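Peer 1: What follows is run-v4.pdb; its format and atoms are PDB, C-alpha atoms.
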ATOM      1  CA  MET B   1     -65.614   9.174   9.559
ATOM      2  CA  SER B   2     -62.526   7.550  11.041
ATOM      3  CA  GLU B   3     -59.664   9.635  12.424
ATOM      4  CA  PHE B   4     -57.299   7.189  10.706
ATOM      5  CA  GLN B   5     -56.505   7.155   6.988
ATOM      6  CA  SER B   6     -55.729   3.450   6.911
ATOM      7  CA  LEU B   7     -55.327   0.326   8.981
ATOM      8  CA  ALA B   8     -51.563   0.802   8.841
ATOM      9  CA  ALA B   9     -51.941   4.358  10.201
ATOM     10  CA  ALA B  10     -54.211   3.123  13.010
ATOM     11  CA  ALA B  11     -51.720   0.425  13.971
ATOM     12  CA  ARG B  12     -48.853   2.906  13.939
ATOM     13  CA  ALA B  13     -50.816   5.282  16.173
ATOM     14  CA  VAL B  14     -51.178   2.524  18.762
ATOM     15  CA  LEU B  15     -47.505   1.609  18.569
ATOM     16  CA  THR B  16     -46.308   5.196  18.929
ATOM     17  CA  CYS B  17     -48.575   6.021  21.880
ATOM     18  CA  GLY B  18     -46.318   6.271  24.922
ATOM     19  CA  THR B  19     -48.891   6.201  27.729
ATOM     20  CA  ALA B  20     -50.019   2.751  28.835
ATOM     21  CA  ASP B  21     -53.703   3.434  29.498
ATOM     22  CA  ASP B  22     -53.984   5.629  26.403
ATOM     23  CA  LYS B  23     -52.343   2.926  24.282
ATOM     24  CA  ALA B  24     -54.998   0.445  25.403
ATOM     25  CA  ARG B  25     -57.843   2.899  24.827
ATOM     26  CA  LEU B  26     -56.443   3.828  21.409
ATOM     27  CA  GLY B  27     -56.355   0.113  20.604
ATOM     28  CA  HIS B  28     -60.105   0.010  21.218
ATOM     29  CA  VAL B  29     -60.602   3.079  18.992
ATOM     30  CA  ALA B  30     -58.491   1.605  16.191
ATOM     31  CA  ALA B  31     -60.366  -1.696  16.361
ATOM     32  CA  ALA B  32     -63.730   0.080  16.232
ATOM     33  CA  ALA B  33     -62.567   2.077  13.187
ATOM     34  CA  TRP B  34     -61.520  -1.105  11.405
ATOM     35  CA  ARG B  35     -64.839  -2.787  12.156
ATOM     36  CA  THR B  36     -66.700  -0.040  10.296
ATOM     37  CA  GLY B  37     -65.370  -1.578   7.083
ATOM     38  CA  THR B  38     -64.360   1.822   5.692
ATOM     39  CA  LEU B  39     -60.621   1.813   6.424
ATOM     40  CA  PRO B  40     -58.312   0.843   3.566
ATOM     41  CA  LEU B  41     -55.378  -1.337   4.477
ATOM     42  CA  THR B  42     -52.828   1.272   3.427
ATOM     43  CA  ALA B  43     -52.675   4.881   2.242
ATOM     44  CA  PRO B  44     -50.041   6.573   0.051
ATOM     45  CA  ASP B  45     -48.635   8.661   2.912
ATOM     46  CA  ASP B  46     -48.432   5.856   5.478
ATOM     47  CA  LEU B  47     -45.251   5.821   7.536
ATOM     48  CA  PRO B  48     -43.564   2.481   8.327
ATOM     49  CA  MET B  49     -44.141   0.687  11.594
ATOM     50  CA  PRO B  50     -41.579   1.703  14.241
ATOM     51  CA  ASP B  51     -38.904  -0.839  15.091
ATOM     52  CA  ARG B  52     -39.754  -0.353  18.772
ATOM     53  CA  PRO B  53     -43.037   0.857  20.234
ATOM     54  CA  ALA B  54     -43.265   3.897  22.487
ATOM     55  CA  ARG B  55     -43.214   3.088  26.189
ATOM     56  CA  PRO B  56     -44.178   5.080  29.297
ATOM     57  CA  GLU B  57     -41.452   6.474  31.555
ATOM     58  CA  ARG B  58     -42.392   3.881  34.161
ATOM     59  CA  PRO B  59     -41.897   1.015  34.805
ATOM     60  CA  GLU B  60     -38.135   0.736  34.927
ATOM     61  CA  LEU B  61     -37.150  -1.912  32.376
ATOM     62  CA  LEU B  62     -34.612  -4.504  33.529
ATOM     63  CA  THR B  63     -32.888  -7.486  31.994
ATOM     64  CA  HIS B  64     -34.367 -10.900  32.670
ATOM     65  CA  ARG B  65     -31.589 -11.771  35.140
ATOM     66  CA  ALA B  66     -32.036  -8.529  37.053
ATOM     67  CA  MET B  67     -35.763  -9.038  37.602
ATOM     68  CA  PRO B  68     -36.734  -9.875  41.210
ATOM     69  CA  LYS B  69     -38.424 -13.232  41.716
ATOM     70  CA  ARG B  70     -42.191 -13.106  42.189
ATOM     71  CA  THR B  71     -44.212 -14.778  44.901
ATOM     72  CA  TYR B  72     -47.938 -15.216  45.436
ATOM     73  CA  LYS B  73     -47.541 -14.764  49.196
ATOM     74  CA  GLY B  74     -49.315 -11.748  50.590
ATOM     75  CA  PRO B  75     -50.886  -8.745  48.872
ATOM     76  CA  ARG B  76     -47.559  -7.431  47.531
ATOM     77  CA  GLY B  77     -46.782 -10.763  45.971
ATOM     78  CA  ARG B  78     -50.122 -10.830  44.199
ATOM     79  CA  PHE B  79     -49.614  -7.213  43.134
ATOM     80  CA  ALA B  80     -46.246  -8.157  41.607
ATOM     81  CA  THR B  81     -47.841 -11.014  39.685
ATOM     82  CA  LEU B  82     -50.646  -8.841  38.326
ATOM     83  CA  HIS B  83     -48.134  -6.112  37.449
ATOM     84  CA  ALA B  84     -46.020  -8.574  35.470
ATOM     85  CA  LEU B  85     -49.116  -9.787  33.626
ATOM     86  CA  ALA B  86     -50.129  -6.199  32.839
ATOM     87  CA  HIS B  87     -46.696  -5.633  31.326
ATOM     88  CA  ILE B  88     -47.122  -8.713  29.141
ATOM     89  CA  GLU B  89     -50.550  -7.527  28.001
ATOM     90  CA  LEU B  90     -49.248  -4.042  27.179
ATOM     91  CA  ASN B  91     -46.611  -5.630  24.955
ATOM     92  CA  ALA B  92     -49.279  -7.897  23.475
ATOM     93  CA  ILE B  93     -51.279  -4.852  22.334
ATOM     94  CA  ASP B  94     -48.268  -3.660  20.351
ATOM     95  CA  LEU B  95     -47.513  -7.128  19.008
ATOM     96  CA  ALA B  96     -51.036  -7.562  17.642
ATOM     97  CA  PHE B  97     -51.245  -4.135  16.020
ATOM     98  CA  ASP B  98     -47.733  -4.510  14.627
ATOM     99  CA  MET B  99     -48.816  -7.830  13.078
ATOM    100  CA  ALA B 100     -51.697  -6.093  11.294
ATOM    101  CA  GLY B 101     -49.875  -2.890  10.384
ATOM    102  CA  ARG B 102     -46.483  -4.260   9.373
ATOM    103  CA  TRP B 103     -48.056  -6.621   6.848
ATOM    104  CA  ALA B 104     -50.932  -4.373   5.782
ATOM    105  CA  GLY B 105     -49.534  -4.266   2.249
ATOM    106  CA  ALA B 106     -48.836  -7.991   1.985
ATOM    107  CA  GLY B 107     -52.023  -8.847   0.070
ATOM    108  CA  LEU B 108     -53.373 -11.211   2.707
ATOM    109  CA  PRO B 109     -57.082 -11.999   3.093
ATOM    110  CA  ARG B 110     -59.116  -9.462   5.038
ATOM    111  CA  ALA B 111     -59.750 -12.181   7.633
ATOM    112  CA  PHE B 112     -56.055 -11.995   8.597
ATOM    113  CA  TYR B 113     -56.423  -8.348   9.580
ATOM    114  CA  ASP B 114     -59.796  -8.999  11.216
ATOM    115  CA  ASP B 115     -58.128 -11.589  13.446
ATOM    116  CA  TRP B 116     -55.177  -9.468  14.564
ATOM    117  CA  ILE B 117     -57.204  -6.328  15.131
ATOM    118  CA  LYS B 118     -59.572  -8.415  17.261
ATOM    119  CA  VAL B 119     -56.570  -9.788  19.159
ATOM    120  CA  GLY B 120     -55.236  -6.261  19.736
ATOM    121  CA  ASP B 121     -58.656  -5.102  20.928
ATOM    122  CA  GLU B 122     -58.817  -7.976  23.412
ATOM    123  CA  GLU B 123     -55.255  -7.433  24.631
ATOM    124  CA  ALA B 124     -56.240  -3.838  25.368
ATOM    125  CA  LYS B 125     -59.244  -5.135  27.328
ATOM    126  CA  HIS B 126     -56.927  -7.445  29.273
ATOM    127  CA  PHE B 127     -54.502  -4.647  30.140
ATOM    128  CA  LEU B 128     -57.228  -2.319  31.376
ATOM    129  CA  ALA B 129     -58.820  -5.105  33.440
ATOM    130  CA  LEU B 130     -55.478  -5.831  35.101
ATOM    131  CA  GLN B 131     -54.921  -2.113  35.634
ATOM    132  CA  THR B 132     -58.259  -2.025  37.458
ATOM    133  CA  ARG B 133     -57.133  -4.867  39.719
ATOM    134  CA  LEU B 134     -53.850  -3.044  40.407
ATOM    135  CA  GLY B 135     -55.861   0.050  41.284
ATOM    136  CA  ALA B 136     -57.955  -1.958  43.731
ATOM    137  CA  THR B 137     -54.753  -2.467  45.728
ATOM    138  CA  GLU B 138     -53.939   1.269  45.534
ATOM    139  CA  GLY B 139     -51.234   0.757  42.938
ATOM    140  CA  THR B 140     -50.822   1.144  39.207
ATOM    141  CA  TYR B 141     -48.859  -0.193  36.267
ATOM    142  CA  GLY B 142     -45.345   1.225  36.485
ATOM    143  CA  ASP B 143     -44.964   0.834  40.238
ATOM    144  CA  LEU B 144     -42.570  -2.119  39.844
ATOM    145  CA  PRO B 145     -39.744  -2.849  37.404
ATOM    146  CA  ALA B 146     -40.533  -4.965  34.356
ATOM    147  CA  HIS B 147     -38.729  -7.224  31.887
ATOM    148  CA  ASN B 148     -37.295  -5.327  28.902
ATOM    149  CA  GLY B 149     -36.956  -8.308  26.563
ATOM    150  CA  LEU B 150     -40.569  -8.885  25.543
ATOM    151  CA  TRP B 151     -40.234  -6.981  22.273
ATOM    152  CA  GLU B 152     -37.145  -8.940  21.200
ATOM    153  CA  ALA B 153     -39.225 -11.566  19.405
ATOM    154  CA  ALA B 154     -40.867  -8.851  17.317
ATOM    155  CA  GLU B 155     -37.528  -7.301  16.382
ATOM    156  CA  GLU B 156     -36.093 -10.708  15.561
ATOM    157  CA  THR B 157     -38.972 -11.548  13.193
ATOM    158  CA  ARG B 158     -39.882  -8.153  11.753
ATOM    159  CA  HIS B 159     -39.000  -9.210   8.194
ATOM    160  CA  ASP B 160     -40.561 -12.696   8.268
ATOM    161  CA  LEU B 161     -44.290 -13.161   8.852
ATOM    162  CA  LEU B 162     -44.046 -16.943   9.148
ATOM    163  CA  ALA B 163     -41.382 -16.582  11.821
ATOM    164  CA  ARG B 164     -43.452 -13.953  13.657
ATOM    165  CA  LEU B 165     -46.471 -16.282  13.712
ATOM    166  CA  ALA B 166     -44.375 -19.217  14.885
ATOM    167  CA  VAL B 167     -42.588 -17.413  17.717
ATOM    168  CA  VAL B 168     -45.126 -14.918  19.072
ATOM    169  CA  PRO B 169     -48.554 -16.591  19.161
ATOM    170  CA  MET B 170     -47.471 -20.227  18.787
ATOM    171  CA  VAL B 171     -44.606 -20.151  21.322
ATOM    172  CA  LEU B 172     -44.837 -17.109  23.603
ATOM    173  CA  GLU B 173     -48.631 -16.850  23.866
ATOM    174  CA  ALA B 174     -48.975 -20.624  23.984
ATOM    175  CA  ARG B 175     -46.728 -20.580  27.039
ATOM    176  CA  GLY B 176     -49.364 -18.444  28.716
ATOM    177  CA  LEU B 177     -51.841 -21.274  28.234
ATOM    178  CA  ASP B 178     -49.508 -23.540  30.199
ATOM    179  CA  VAL B 179     -49.023 -21.287  33.230
ATOM    180  CA  THR B 180     -52.258 -19.315  33.598
ATOM    181  CA  PRO B 181     -54.409 -22.084  35.155
ATOM    182  CA  GLY B 182     -51.893 -22.424  37.998
ATOM    183  CA  MET B 183     -51.957 -18.673  38.561
ATOM    184  CA  ILE B 184     -55.747 -18.721  38.714
ATOM    185  CA  GLU B 185     -55.735 -21.430  41.360
ATOM    186  CA  LYS B 186     -53.154 -19.592  43.480
ATOM    187  CA  LEU B 187     -55.156 -16.378  43.318
ATOM    188  CA  ARG B 188     -58.291 -18.251  44.361
ATOM    189  CA  ALA B 189     -56.427 -19.895  47.226
ATOM    190  CA  ALA B 190     -55.331 -16.437  48.363
ATOM    191  CA  GLY B 191     -58.961 -15.266  48.306
ATOM    192  CA  ASP B 192     -58.464 -12.890  45.363
ATOM    193  CA  HIS B 193     -61.441 -14.091  43.339
ATOM    194  CA  GLU B 194     -61.747 -10.835  41.396
ATOM    195  CA  SER B 195     -58.230 -11.158  39.973
ATOM    196  CA  ALA B 196     -58.786 -14.856  39.320
ATOM    197  CA  ALA B 197     -61.866 -13.959  37.257
ATOM    198  CA  VAL B 198     -59.796 -11.530  35.168
ATOM    199  CA  LEU B 199     -57.234 -14.259  34.485
ATOM    200  CA  GLU B 200     -59.995 -16.684  33.533
ATOM    201  CA  MET B 201     -61.207 -14.179  30.942
ATOM    202  CA  ILE B 202     -57.678 -13.719  29.627
ATOM    203  CA  TYR B 203     -57.112 -17.486  29.504
ATOM    204  CA  THR B 204     -60.245 -18.023  27.406
ATOM    205  CA  ASP B 205     -59.349 -15.253  24.959
ATOM    206  CA  GLU B 206     -55.712 -16.339  24.639
ATOM    207  CA  GLN B 207     -56.700 -19.775  23.408
ATOM    208  CA  GLN B 208     -58.296 -18.071  20.417
ATOM    209  CA  HIS B 209     -55.275 -15.813  19.937
ATOM    210  CA  VAL B 210     -52.996 -18.835  19.708
ATOM    211  CA  ALA B 211     -55.527 -20.448  17.386
ATOM    212  CA  ALA B 212     -55.337 -17.421  15.079
ATOM    213  CA  GLY B 213     -51.566 -17.720  14.953
ATOM    214  CA  THR B 214     -51.752 -21.432  14.209
ATOM    215  CA  ARG B 215     -54.412 -20.918  11.533
ATOM    216  CA  TRP B 216     -52.460 -18.265   9.635
ATOM    217  CA  PHE B 217     -49.164 -20.106  10.016
ATOM    218  CA  THR B 218     -50.763 -23.164   8.426
ATOM    219  CA  TYR B 219     -52.378 -21.023   5.720
ATOM    220  CA  LEU B 220     -49.084 -19.379   4.740
ATOM    221  CA  CYS B 221     -47.256 -22.703   4.726
ATOM    222  CA  ALA B 222     -49.858 -24.036   2.294
ATOM    223  CA  GLN B 223     -49.586 -20.918   0.127
ATOM    224  CA  GLU B 224     -45.797 -21.154  -0.008
ATOM    225  CA  GLY B 225     -45.551 -24.928  -0.288
ATOM    226  CA  HIS B 226     -43.900 -25.522   3.106
ATOM    227  CA  ALA B 227     -44.420 -28.510   5.398
ATOM    228  CA  PRO B 228     -45.924 -26.862   8.531
ATOM    229  CA  GLU B 229     -44.339 -29.058  11.203
ATOM    230  CA  ALA B 230     -40.810 -28.967   9.796
ATOM    231  CA  THR B 231     -41.095 -25.245   9.059
ATOM    232  CA  PHE B 232     -42.262 -24.508  12.598
ATOM    233  CA  HIS B 233     -39.324 -26.433  14.072
ATOM    234  CA  LYS B 234     -36.854 -24.672  11.789
ATOM    235  CA  LEU B 235     -38.160 -21.172  12.522
ATOM    236  CA  VAL B 236     -38.447 -21.627  16.281
ATOM    237  CA  ARG B 237     -34.936 -23.051  16.538
ATOM    238  CA  LYS B 238     -33.649 -20.098  14.524
ATOM    239  CA  HIS B 239     -35.512 -17.284  16.263
ATOM    240  CA  PHE B 240     -36.268 -18.526  19.807
ATOM    241  CA  ARG B 241     -33.550 -18.997  22.413
ATOM    242  CA  GLY B 242     -33.630 -22.184  24.427
ATOM    243  CA  LEU B 243     -36.058 -25.078  24.754
ATOM    244  CA  LEU B 244     -39.812 -24.850  25.173
ATOM    245  CA  LYS B 245     -40.728 -25.401  28.810
ATOM    246  CA  GLN B 246     -42.709 -28.361  30.058
ATOM    247  CA  PRO B 247     -45.244 -29.236  31.364
ATOM    248  CA  PHE B 248     -47.605 -28.322  28.540
ATOM    249  CA  ASN B 249     -51.304 -27.637  28.839
ATOM    250  CA  GLU B 250     -52.188 -30.111  26.114
ATOM    251  CA  ALA B 251     -55.946 -29.552  26.385
ATOM    252  CA  ALA B 252     -55.692 -25.790  25.817
ATOM    253  CA  ARG B 253     -53.098 -26.241  23.086
ATOM    254  CA  GLN B 254     -55.434 -28.681  21.360
ATOM    255  CA  VAL B 255     -58.206 -26.062  21.460
ATOM    256  CA  ALA B 256     -55.709 -23.677  19.862
ATOM    257  CA  GLY B 257     -55.001 -26.187  17.123
ATOM    258  CA  ILE B 258     -51.321 -26.859  17.837
ATOM    259  CA  PRO B 259     -50.463 -30.554  17.453
ATOM    260  CA  LYS B 260     -48.130 -32.120  20.036
ATOM    261  CA  GLU B 261     -45.744 -32.960  17.225
ATOM    262  CA  PHE B 262     -45.091 -29.248  16.816
ATOM    263  CA  TYR B 263     -44.034 -28.341  20.349
ATOM    264  CA  VAL B 264     -42.921 -31.485  22.197
ATOM    265  CA  PRO B 265     -39.757 -32.022  20.077
ATOM    266  CA  LEU B 266     -38.736 -28.426  20.793
ATOM    267  CA  SER B 267     -38.702 -29.161  24.534
ATOM    268  CA  ILE B 268     -35.994 -31.824  24.140
ATOM    269  CA  ASP B 269     -32.308 -31.201  23.601
ATOM    270  CA  GLU B 270     -31.534 -33.326  20.550
ATOM    271  CA  GLU B 271     -27.888 -33.763  21.498
ATOM    272  CA  ILE B 272     -28.318 -34.990  25.072
ATOM    273  CA  GLY B 273     -31.929 -36.123  25.119
ATOM    274  CA  PHE B 274     -33.013 -34.029  28.124
ATOM    275  CA  SER B 275     -36.429 -32.399  28.297
ATOM    276  CA  SER B 276     -36.811 -28.816  29.530
ATOM    277  CA  ASP B 277     -38.301 -29.906  32.870
ATOM    278  CA  ALA B 278     -35.430 -32.279  33.608
ATOM    279  CA  GLN B 279     -32.664 -29.699  33.589
TER     280      GLN B 279
END
Write the structure described by the file as C-alpha cells, please.

Peer 2:
Amino acid sequence: MSEFQSLAAAARAVLTCGTADDKARLGHVAAAAWRTGTLPLTAPDDLPMPDRPARPERPELLTHRAMPKRTYKGPRGRFATLHALAHIELNAIDLAFDMAGRWAGAGLPRAFYDDWIKVGDEEAKHFLALQTRLGATEGTYGDLPAHNGLWEAAEETRHDLLARLAVVPMVLEARGLDVTPGMIEKLRAAGDHESAAVLEMIYTDEQQHVAAGTRWFTYLCAQEGHAPEATFHKLVRKHFRGLLKQPFNEAARQVAGIPKEFYVPLSIDEEIGFSSDAQ
C-alpha cells in the first residue's frame, strides 16, 4: 500500500522536502507509487501545492547578475559547471511534480500524469547522477552559490497550464538541448568522460521531456480551439523575459516535435530586426 493518499499528496511531499538528496529519492518513491496504478489523482484532504518548493540551507541563492561566471578550465571549473547543472535538475524535479500535482484535479487524461511523473522520476535520476560526479571530486551540491530565479517561471505560470507548458518544457528545457552537446564535448576534451556520459544520458532524456511538453501543449490547444503557433508566441512573449537565444539545436528540437516556426520568430526583435545572437 502506498504511503501517499493521492498523486497530489505525493507531488506535494516532493515539493515540500527541503533536503536535496532526499527530494530526489522521494521523487523516485512517488513515481513508483504512481506506477502501481492504485493512487487516485486527488483525495478530499489534499493540501494545495506550495507556491515555492522547500530548499536546502545550501547553496546560497544569488541573483542572475551576482552569479560568478563559469569556466571549463581545470577541475574547479568543471565542478562549477556540474554544480550548476545539479541545481537546474533539482529545480526540474519540483517543476515536474508541480506540473502533475497542481493540475491533478483538471480532468486531463491519465497519460498527462504518466508523462510528468516519468519526467520527475528522470530528473531525480539526473540530480543524483550529477551529485555522484560532484562527490567524485570530493564536493557536493551546495558547495557553490546558485541562481535563485529558476522557479520564477513556475510562479509566473501557476494559474495557466498552457503557459506553463510553453515556458518551462518548450522554452527553458529546450534551451538545454541547444547547449548540452557543447558541454559534453568540453568535458570530453578535459578528459572527464564519466561526467560527459552523465550529460549524454540527460541530453537523451531531455529530448523526450521537451516532447512531452510539446505534445500536451498541442493537445490543449486543440481542446480549447487555439492555433498552437500563435498561442505559443503570445504566451512566451507574455511570460518569458527577453528573446530566445540562438544558435538552436534544430535536430534535437525536431526530435522533440517543436517546429522552427515556433521558436525562430521569438529570437528576433520585431522592432529592430536583430536576432538574439547578433546583439

Peer 1: Which residue, B:Arg78, B:Arg253, B:Arg110, B:His159, has the smallest gap to B:Leu39 when you use all atoms listed in the file?

Peer 2: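 For B:Leu39, the nearest of the candidates is B:Arg110.
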
Peer 1: Of the candidates B:Pro265, B:Gly257, B:Pro247, B:Pro59, which shows the shortest atom-to-atom distance to B:Asn148, using all atoms listed in the file?

Peer 2: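 Ranking B:Pro265, B:Gly257, B:Pro247, B:Pro59 by distance to B:Asn148, first place goes to B:Pro59.
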
Peer 1: List every residue of stretch 179-259 of chain B that has an atom at most 6 Å from any atom of stretch 162-169 of chain B, giving for each one its closest atom pair and the distance in Å to one decimal, counting only C-alpha atoms, sorted by chain and then by ascending residue number, as CSV.

Peer 2:
residue,atom,partner,partner_atom,distance
B:Val210,CA,B:Pro169,CA,5.0
B:Gly213,CA,B:Pro169,CA,5.3
B:Phe217,CA,B:Leu165,CA,6.0
B:Leu235,CA,B:Ala163,CA,5.7

Peer 1: Taking the file above as input, evaluate the PyMOL selection byres ((chain B and resi 121-137) around 6) and report the hits as a list in words.

Peer 2: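 Those residues are Ala24, Gly27, His28, Ala31, Ala86, Glu89, Ile93, Lys118, Val119, Gly120, Glu138, Gly139 and Thr140 of chain B.
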
Peer 1: Restricting the calculation to all atoms listed in the file, which member of B:Lys234, B:His226, B:Arg58, B:His209 is positioned closest to B:Ala96?

Peer 2: B:His209

Peer 1: I need the residue set behind the PyMOL selection byres ((chain B and resi 40) around 7) for this file; please write it as a count of residues only.

Peer 2: 6

Peer 1: With 6 Å on each side, where is the centre of the axis-aligned box around all listed atoms of stretch 84-102 of chain B, and how long are its edges in Å to one decimal, as JSON?

Peer 2:
{"center_x": -48.9, "center_y": -6.3, "center_z": 22.4, "size_x": 17.7, "size_y": 18.9, "size_z": 38.1}

Peer 1: Could you tell me how far atom CA of B:Glu57 lies from atom CA of B:Ala20, in Å and to one decimal?

Peer 2: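 Spanning atom CA of B:Glu57 to atom CA of B:Ala20 is a straight-line distance of 9.7 Å.
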
Peer 1: Which residue is closest to B:Leu199? Choose from B:Ala251, B:Thr180, B:Thr63, B:Lys186 and count only C-alpha atoms.

Peer 2: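 For B:Leu199, the nearest of the candidates is B:Thr180.
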
Peer 1: Using the chain letters and numbers from the file, give me the residues hit by the PyMOL selection byres ((chain B and resi 216) around 10), as a VMD selection string.

Peer 2: chain B and resid 108 111 to 112 115 161 to 162 165 to 166 211 to 215 217 to 222

Peer 1: Please list, as a VMD selection string, the residues that have an atom at most 8 Å away from (-50.7, 2.7, 15.4) in the coordinates of this file, counting only C-alpha atoms.

Peer 2: chain B and resid 8 to 17 30 49 97 to 98 101

Peer 1: Using C-alpha atoms, can you write the selected residues to a file as a PDB file, in the frame of the given file?

Peer 2:
ATOM      1  CA  ALA B   8     -51.563   0.802   8.841  1.00  0.00           C
ATOM      2  CA  ALA B   9     -51.941   4.358  10.201  1.00  0.00           C
ATOM      3  CA  ALA B  10     -54.211   3.123  13.010  1.00  0.00           C
ATOM      4  CA  ALA B  11     -51.720   0.425  13.971  1.00  0.00           C
ATOM      5  CA  ARG B  12     -48.853   2.906  13.939  1.00  0.00           C
ATOM      6  CA  ALA B  13     -50.816   5.282  16.173  1.00  0.00           C
ATOM      7  CA  VAL B  14     -51.178   2.524  18.762  1.00  0.00           C
ATOM      8  CA  LEU B  15     -47.505   1.609  18.569  1.00  0.00           C
ATOM      9  CA  THR B  16     -46.308   5.196  18.929  1.00  0.00           C
ATOM     10  CA  CYS B  17     -48.575   6.021  21.880  1.00  0.00           C
ATOM     11  CA  ALA B  30     -58.491   1.605  16.191  1.00  0.00           C
ATOM     12  CA  MET B  49     -44.141   0.687  11.594  1.00  0.00           C
ATOM     13  CA  PHE B  97     -51.245  -4.135  16.020  1.00  0.00           C
ATOM     14  CA  ASP B  98     -47.733  -4.510  14.627  1.00  0.00           C
ATOM     15  CA  GLY B 101     -49.875  -2.890  10.384  1.00  0.00           C
TER      16      GLY B 101
END

Peer 1: Identify which of the residues B:Ile117, B:Leu85, B:Arg237, B:Ala256 lies closest to B:Val198, counting all atoms listed in the file when measuring atom-to-atom distances.

Peer 2: B:Leu85

Peer 1: Near B:Glu185, within 12 Å and counting all atoms listed in the file, which residues show up once chain neighbours fewer than 6 positions away are dropped, as a PyMOL selection string?

Peer 2: chain B and resi 72+179+191-193+195-197+199-200

Peer 1: Can you measure atom CA of B:Phe240 to atom CA of B:Met99 for me? One decimal in Å is fine.

Peer 2: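 Atom-to-atom, atom CA of B:Phe240 to atom CA of B:Met99, that is 17.8 Å.
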
Peer 1: Because some atoms of stretch 99-104 of chain B are absent here, can you restore all heavy atoms and send them as a compact mmCIF listing (two decimals), in the coordinates of the input?

Peer 2:
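Printed below is part_39.txt as written:
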# COMPACT_ATOMS: atom_id res chain seq x y z
N MET B 99 -48.53 -6.74 14.01
CA MET B 99 -48.82 -7.83 13.08
C MET B 99 -49.72 -7.33 11.95
O MET B 99 -49.48 -7.61 10.76
CB MET B 99 -49.49 -8.99 13.81
CG MET B 99 -49.73 -10.21 12.95
SD MET B 99 -48.32 -11.34 12.90
CE MET B 99 -48.53 -12.19 14.47
N ALA B 100 -50.77 -6.60 12.31
CA ALA B 100 -51.70 -6.09 11.29
C ALA B 100 -51.06 -4.99 10.46
O ALA B 100 -51.17 -4.99 9.22
CB ALA B 100 -52.96 -5.58 11.97
N GLY B 101 -50.39 -4.04 11.10
CA GLY B 101 -49.88 -2.89 10.38
C GLY B 101 -48.65 -3.17 9.55
O GLY B 101 -48.51 -2.68 8.43
N ARG B 102 -47.74 -3.99 10.09
CA ARG B 102 -46.48 -4.26 9.37
C ARG B 102 -46.74 -5.00 8.06
O ARG B 102 -46.03 -4.80 7.08
CB ARG B 102 -45.54 -5.06 10.27
CG ARG B 102 -44.14 -5.25 9.70
CD ARG B 102 -43.20 -5.81 10.76
NE ARG B 102 -43.04 -4.89 11.88
CZ ARG B 102 -42.14 -3.90 11.91
NH1 ARG B 102 -41.33 -3.69 10.88
NH2 ARG B 102 -42.06 -3.11 12.97
N TRP B 103 -47.76 -5.84 8.06
CA TRP B 103 -48.06 -6.62 6.85
C TRP B 103 -49.36 -6.17 6.19
O TRP B 103 -50.01 -6.94 5.50
CB TRP B 103 -48.08 -8.11 7.20
CG TRP B 103 -46.69 -8.64 7.38
CD1 TRP B 103 -45.82 -8.98 6.39
CD2 TRP B 103 -45.98 -8.83 8.60
NE1 TRP B 103 -44.61 -9.39 6.92
CE2 TRP B 103 -44.67 -9.31 8.29
CE3 TRP B 103 -46.31 -8.66 9.95
CZ2 TRP B 103 -43.72 -9.61 9.25
CZ3 TRP B 103 -45.36 -8.95 10.91
CH2 TRP B 103 -44.08 -9.42 10.56
N ALA B 104 -49.70 -4.90 6.39
CA ALA B 104 -50.93 -4.37 5.78
C ALA B 104 -50.87 -4.38 4.25
O ALA B 104 -51.90 -4.46 3.59
CB ALA B 104 -51.21 -2.96 6.29
